[in-house]
Structure formats: C-alpha cells, structure tokens
$ cat final_13.tsv   # TSV, C-alpha atoms and all ligand atoms
chain	number	residue	atom	x	y	z
E	1	MET	CA	-183.74	141.59	-12.55
E	2	VAL	CA	-181.02	140.76	-10.09
E	3	PHE	CA	-182.22	138.75	-7.15
E	4	VAL	CA	-179.88	138.95	-4.19
E	5	GLU	CA	-179.93	136.53	-1.26
E	6	VAL	CA	-180.93	138.39	1.91
E	7	CYS	CA	-181.51	135.80	4.63
E	8	GLY	CA	-183.09	132.49	5.54
E	9	VAL	CA	-186.87	132.18	5.74
E	10	THR	CA	-186.65	131.68	9.52
E	11	ASP	CA	-184.59	134.83	10.07
E	12	VAL	CA	-187.67	137.09	9.97
E	13	PRO	CA	-190.33	136.03	12.47
E	14	GLU	CA	-193.86	135.71	11.10
E	15	GLY	CA	-195.81	138.95	11.34
E	16	GLN	CA	-192.70	141.11	11.75
E	17	GLY	CA	-190.22	143.13	9.77
E	18	LYS	CA	-186.46	143.23	9.97
E	19	PRO	CA	-183.86	145.63	8.57
E	20	PHE	CA	-181.17	144.46	6.15
E	21	THR	CA	-178.52	146.24	4.15
E	22	VAL	CA	-178.09	144.68	0.74
E	23	ASN	CA	-175.65	146.06	-1.80
E	24	GLY	CA	-175.48	149.21	0.31
E	25	LYS	CA	-179.25	149.69	0.26
E	26	GLY	CA	-181.33	149.59	3.43
E	27	ILE	CA	-184.45	147.49	3.10
E	28	ALA	CA	-187.16	146.35	5.47
E	29	LEU	CA	-188.18	142.75	4.92
E	30	PHE	CA	-191.54	141.58	6.29
E	31	ASN	CA	-192.81	138.04	6.76
E	32	ILE	CA	-196.59	137.97	6.49
E	33	GLU	CA	-197.92	134.44	6.87
E	34	GLY	CA	-194.89	133.11	5.03
E	35	ASP	CA	-195.05	135.66	2.21
E	36	PHE	CA	-192.16	138.10	2.11
E	37	TYR	CA	-192.42	141.80	1.24
E	38	ALA	CA	-189.48	144.15	0.83
E	39	VAL	CA	-189.60	147.94	0.95
E	40	PHE	CA	-186.99	150.68	1.06
E	41	ASN	CA	-186.40	151.15	4.76
E	42	THR	CA	-186.95	154.89	4.92
E	43	CYS	CA	-190.35	156.48	5.41
E	44	PRO	CA	-190.90	159.41	3.04
E	45	HIS	CA	-192.51	161.41	5.86
E	46	GLN	CA	-189.52	162.08	8.14
E	47	ASP	CA	-186.97	159.51	6.96
E	48	ASN	CA	-187.48	157.11	9.87
E	49	PRO	CA	-187.05	153.35	9.40
E	50	LEU	CA	-190.09	151.30	8.45
E	51	ASP	CA	-188.89	147.86	9.63
E	52	GLY	CA	-190.63	148.28	13.01
E	53	GLY	CA	-193.95	148.88	11.29
E	54	THR	CA	-196.93	146.59	11.26
E	55	ILE	CA	-198.75	145.09	8.30
E	56	GLU	CA	-202.45	144.37	8.31
E	57	ASP	CA	-204.40	143.45	5.18
E	58	LEU	CA	-201.27	144.25	3.13
E	59	VAL	CA	-201.17	147.78	4.52
E	60	LEU	CA	-197.87	148.80	6.11
E	61	SER	CA	-198.15	151.36	8.90
E	62	CYS	CA	-195.08	153.40	9.75
E	63	PRO	CA	-194.30	152.98	13.49
E	64	PHE	CA	-193.54	156.68	13.93
E	65	HIS	CA	-196.59	158.66	12.83
E	66	GLY	CA	-198.76	156.04	11.19
E	67	TRP	CA	-198.45	156.82	7.50
E	68	GLN	CA	-199.90	153.88	5.63
E	69	PHE	CA	-198.63	152.27	2.44
E	70	ASP	CA	-199.82	149.48	0.18
E	71	VAL	CA	-197.02	146.99	0.78
E	72	LYS	CA	-197.30	145.63	-2.77
E	73	THR	CA	-197.07	148.96	-4.62
E	74	GLY	CA	-195.47	151.19	-1.99
E	75	LYS	CA	-198.13	153.85	-2.57
E	76	HIS	CA	-199.39	155.95	0.30
E	77	LEU	CA	-203.03	155.06	0.94
E	78	THR	CA	-204.23	158.67	1.02
E	79	PHE	CA	-201.69	160.49	-1.15
E	80	PRO	CA	-200.97	158.32	-4.21
E	81	ASN	CA	-198.20	160.62	-5.41
E	82	VAL	CA	-196.26	159.73	-2.24
E	83	GLY	CA	-194.69	156.34	-1.86
E	84	VAL	CA	-191.83	154.13	-0.87
E	85	PRO	CA	-189.92	151.88	-3.29
E	86	VAL	CA	-190.86	148.19	-3.10
E	87	TYR	CA	-188.87	145.21	-4.30
E	88	GLU	CA	-189.93	141.84	-5.62
E	89	THR	CA	-189.06	138.86	-3.45
E	90	LYS	CA	-188.78	135.13	-3.99
E	91	VAL	CA	-188.05	132.14	-1.80
E	92	GLU	CA	-185.81	129.35	-2.97
E	93	ALA	CA	-184.33	126.49	-0.96
E	94	GLY	CA	-185.24	128.16	2.34
E	95	LYS	CA	-183.63	131.48	1.43
E	96	VAL	CA	-185.26	134.85	0.73
E	97	PHE	CA	-184.08	136.76	-2.33
E	98	VAL	CA	-184.90	140.37	-3.16
E	99	ASP	CA	-184.77	141.95	-6.60
E	100	LEU	CA	-182.64	145.04	-6.18
S	1	LIG	S1	-191.72	159.00	9.71
S	1	LIG	FE1	-193.17	157.58	8.92
S	1	LIG	S2	-195.05	158.50	9.36
S	1	LIG	FE2	-193.60	159.92	10.09
$ encode --input "final_13.tsv" --output "structure tokens"
Amino acid sequence: MVFVEVCGVTDVPEGQGKPFTVNGKGIALFNIEGDFYAVFNTCPHQDNPLDGGTIEDLVLSCPFHGWQFDVKTGKHLTFPNVGVPVYETKVEAGKVFVDL
C-alpha cells in the first residue's frame, strides 16, 4: 500500500466530488459527511468523468447517463461484471491520502 497525499480535508466540499491527478492517474475524490471515497475518474460506459456525480446511500451516480456504482466496491449496481476501480483513503492531520 502506498498512500499518497491528495489534498486537505477542506478542499472537497461536503457532499461533492472533485477531480485530482495523482501520480499521473485521474481520480474523483468525494466527501460524504466527512468520509472520503476515491474512484478512478472515468466512467466505464462512455469514458466521461465521474467527479461531477452524486452519491446517495453510498451509491455513486454518473452525471452523464446515470450508471450507478457502489462507491465502496466500484461495482455497477445492475451489472456486477462492470465496475470502476476504487481506492482506499485515509485522513491524517487534516490531509486526505489515497492508496494508489
Ligand atoms: S458515461 Fe457514465 S453513464 Fe454514460
């Protein structure tokens, strides 16, 4: 595991996602009630970014055509063989780290 510092905890507003490029990889980082979730920032449907999506009950909805993913596992809710990579996160000293 290699946790990489991505941003400060206040850099992603609560209830929203934000795009970051870390070690050349595009990720979408979401702040849901102070818990952070990181996913690969490319939807497997038509390769659009996921950072503008919404999360409700730990379900991430793509902002383009509404594909839905479990934000903890990355699995598509209807087609479990489809998914998006997810990354572990941790918060330390006011900073968000992602395991890439
Ligand atoms: S690009 Fe995500 S649902 Fe179409």
$ residues_near_ligand --input "final_13.tsv" --ligand "ligand LIG 1 (chain S)" --cutoff "12 Å" --atoms "only C-alpha atoms and all ligand atoms" --output "JSON, numbers by chain"
{"E": [41, 42, 43, 44, 45, 46, 47, 48, 49, 50, 51, 52, 53, 54, 60, 61, 62, 63, 64, 65, 66, 67, 68, 69, 76, 82, 83, 84]}
$ axis_aligned_box --input "final_13.tsv" --around "region 53-66 of chain E" --padding-each-side "8 Å" --output "AutoDock Vina command-line options"
--center_x -199.0 --center_y 151.1 --center_z 8.5 --size_x 26.9 --size_y 31.2 --size_z 26.8
$ residues_around --input "final_13.tsv" --residues "Ala28 (chain E)" --least-positions-apart "3" --cutoff "8 Å" --atoms "all atoms listed in the file" --output "PyMOL selection string"
chain E and resi 17-20+38-41+50-51
$ residues_around --input "final_13.tsv" --residues "Glu88 (chain E)" --least-positions-apart "3" --cutoff "12 Å" --atoms "only C-alpha atoms" --output "list in words"
Met1, Val2, Phe3, Val4, Ile27, Leu29, Asp35, Phe36, Tyr37, Ala38, Val39, Phe40, Val71, Lys72, Thr73, Gly74, Pro85, Val91, Val96, Phe97, Val98, Asp99 and Leu100 of chain E
$ atom_distance --input "final_13.tsv" --atom1 "CA of Ile55 (chain E)" --atom2 "CA of Val22 (chain E)"
22.0 Å
$ atom_distance --input "final_13.tsv" --atom1 "CA of Glu14 (chain E)" --atom2 "CA of Gly26 (chain E)"
20.2 Å
$ atom_distance --input "final_13.tsv" --atom1 "CA of Leu58 (chain E)" --atom2 "CA of Thr21 (chain E)"
22.9 Å
$ residues_around --input "final_13.tsv" --residues "Pro13 (chain E)" --least-positions-apart "3" --cutoff "9 Å" --atoms "all atoms listed in the file" --output "ChimeraX atom specification"
/E:9-10,16-18,30-32
$ closest_residue --input "final_13.tsv" --among "E:Asp57, E:Lys25, E:Gly8, E:Gly34" --to "Tyr87 (chain E)" --atoms "all atoms listed in the file"
E:Lys25
$ closest_residue --input "final_13.tsv" --among "E:Gly94, E:Val86, E:Glu56, E:Pro80" --to "Val12 (chain E)" --atoms "only C-alpha atoms"
E:Gly94
$ closest_residue --input "final_13.tsv" --among "E:Lys95, E:Cys7, E:Val59, E:Lys90" --to "Thr78 (chain E)" --atoms "all atoms listed in the file"
E:Val59
$ build_atoms --input "final_13.tsv" --residues "region 11-39 of chain E" --atoms "N, CA and C atoms" --output "mmCIF file, in the frame of the given file"
data_model
loop_
_atom_site.group_PDB
_atom_site.id
_atom_site.type_symbol
_atom_site.label_atom_id
_atom_site.label_comp_id
_atom_site.auth_asym_id
_atom_site.auth_seq_id
_atom_site.Cartn_x
_atom_site.Cartn_y
_atom_site.Cartn_z
ATOM 1 N N ASP E 11 -185.278 133.688 9.455
ATOM 2 C CA ASP E 11 -184.590 134.830 10.070
ATOM 3 C C ASP E 11 -185.530 135.999 10.361
ATOM 4 N N VAL E 12 -186.684 136.031 9.702
ATOM 5 C CA VAL E 12 -187.670 137.090 9.970
ATOM 6 C C VAL E 12 -188.903 136.424 10.566
ATOM 7 N N PRO E 13 -189.176 136.666 11.846
ATOM 8 C CA PRO E 13 -190.330 136.030 12.470
ATOM 9 C C PRO E 13 -191.648 136.414 11.780
ATOM 10 N N GLU E 14 -192.563 135.488 11.754
ATOM 11 C CA GLU E 14 -193.860 135.710 11.100
ATOM 12 C C GLU E 14 -194.556 136.929 11.729
ATOM 13 N N GLY E 15 -195.078 137.787 10.875
ATOM 14 C CA GLY E 15 -195.810 138.950 11.340
ATOM 15 C C GLY E 15 -194.921 140.151 11.660
ATOM 16 N N GLN E 16 -193.618 140.019 11.407
ATOM 17 C CA GLN E 16 -192.700 141.110 11.750
ATOM 18 C C GLN E 16 -191.858 141.530 10.564
ATOM 19 N N GLY E 17 -191.174 142.657 10.754
ATOM 20 C CA GLY E 17 -190.220 143.130 9.770
ATOM 21 C C GLY E 17 -188.835 143.171 10.378
ATOM 22 N N LYS E 18 -187.832 143.171 9.508
ATOM 23 C CA LYS E 18 -186.460 143.230 9.970
ATOM 24 C C LYS E 18 -185.636 144.050 8.974
ATOM 25 N N PRO E 19 -184.673 144.827 9.487
ATOM 26 C CA PRO E 19 -183.860 145.630 8.570
ATOM 27 C C PRO E 19 -182.680 144.832 8.019
ATOM 28 N N PHE E 20 -182.359 145.057 6.771
ATOM 29 C CA PHE E 20 -181.170 144.460 6.150
ATOM 30 C C PHE E 20 -180.531 145.519 5.267
ATOM 31 N N THR E 21 -179.221 145.410 5.135
ATOM 32 C CA THR E 21 -178.520 146.240 4.150
ATOM 33 C C THR E 21 -178.001 145.316 3.068
ATOM 34 N N VAL E 22 -178.458 145.534 1.857
ATOM 35 C CA VAL E 22 -178.090 144.680 0.740
ATOM 36 C C VAL E 22 -177.537 145.543 -0.372
ATOM 37 N N ASN E 23 -176.322 145.254 -0.768
ATOM 38 C CA ASN E 23 -175.650 146.060 -1.800
ATOM 39 C C ASN E 23 -175.680 147.541 -1.437
ATOM 40 N N GLY E 24 -175.520 147.826 -0.151
ATOM 41 C CA GLY E 24 -175.480 149.210 0.310
ATOM 42 C C GLY E 24 -176.834 149.878 0.439
ATOM 43 N N LYS E 25 -177.899 149.118 0.194
ATOM 44 C CA LYS E 25 -179.250 149.690 0.260
ATOM 45 C C LYS E 25 -179.983 149.147 1.484
ATOM 46 N N GLY E 26 -180.589 150.027 2.251
ATOM 47 C CA GLY E 26 -181.330 149.590 3.430
ATOM 48 C C GLY E 26 -182.742 149.190 3.054
ATOM 49 N N ILE E 27 -183.089 147.951 3.384
ATOM 50 C CA ILE E 27 -184.450 147.490 3.100
ATOM 51 C C ILE E 27 -185.082 146.965 4.386
ATOM 52 N N ALA E 28 -186.403 146.992 4.399
ATOM 53 C CA ALA E 28 -187.160 146.350 5.470
ATOM 54 C C ALA E 28 -187.844 145.139 4.841
ATOM 55 N N LEU E 29 -187.607 143.981 5.440
ATOM 56 C CA LEU E 29 -188.180 142.750 4.920
ATOM 57 C C LEU E 29 -189.222 142.244 5.911
ATOM 58 N N PHE E 30 -190.433 142.011 5.424
ATOM 59 C CA PHE E 30 -191.540 141.580 6.290
ATOM 60 C C PHE E 30 -191.961 140.162 5.921
ATOM 61 N N ASN E 31 -192.294 139.405 6.949
ATOM 62 C CA ASN E 31 -192.810 138.040 6.760
ATOM 63 C C ASN E 31 -194.275 138.053 7.183
ATOM 64 N N ILE E 32 -195.154 137.965 6.197
ATOM 65 C CA ILE E 32 -196.590 137.970 6.490
ATOM 66 C C ILE E 32 -197.158 136.630 6.071
ATOM 67 N N GLU E 33 -197.392 135.802 7.081
ATOM 68 C CA GLU E 33 -197.920 134.440 6.870
ATOM 69 C C GLU E 33 -197.096 133.687 5.834
ATOM 70 N N GLY E 34 -195.783 133.850 5.914
ATOM 71 C CA GLY E 34 -194.890 133.110 5.030
ATOM 72 C C GLY E 34 -194.638 133.781 3.684
ATOM 73 N N ASP E 35 -195.351 134.879 3.411
ATOM 74 C CA ASP E 35 -195.050 135.660 2.210
ATOM 75 C C ASP E 35 -194.129 136.814 2.616
ATOM 76 N N PHE E 36 -193.142 137.068 1.778
ATOM 77 C CA PHE E 36 -192.160 138.100 2.110
ATOM 78 C C PHE E 36 -192.368 139.341 1.250
ATOM 79 N N TYR E 37 -192.265 140.512 1.914
ATOM 80 C CA TYR E 37 -192.420 141.800 1.240
ATOM 81 C C TYR E 37 -191.213 142.665 1.603
ATOM 82 N N ALA E 38 -190.654 143.311 0.604
ATOM 83 C CA ALA E 38 -189.480 144.150 0.830
ATOM 84 C C ALA E 38 -189.781 145.575 0.392
ATOM 85 N N VAL E 39 -189.436 146.525 1.266
ATOM 86 C CA VAL E 39 -189.600 147.940 0.950
ATOM 87 C C VAL E 39 -188.314 148.675 1.312
#
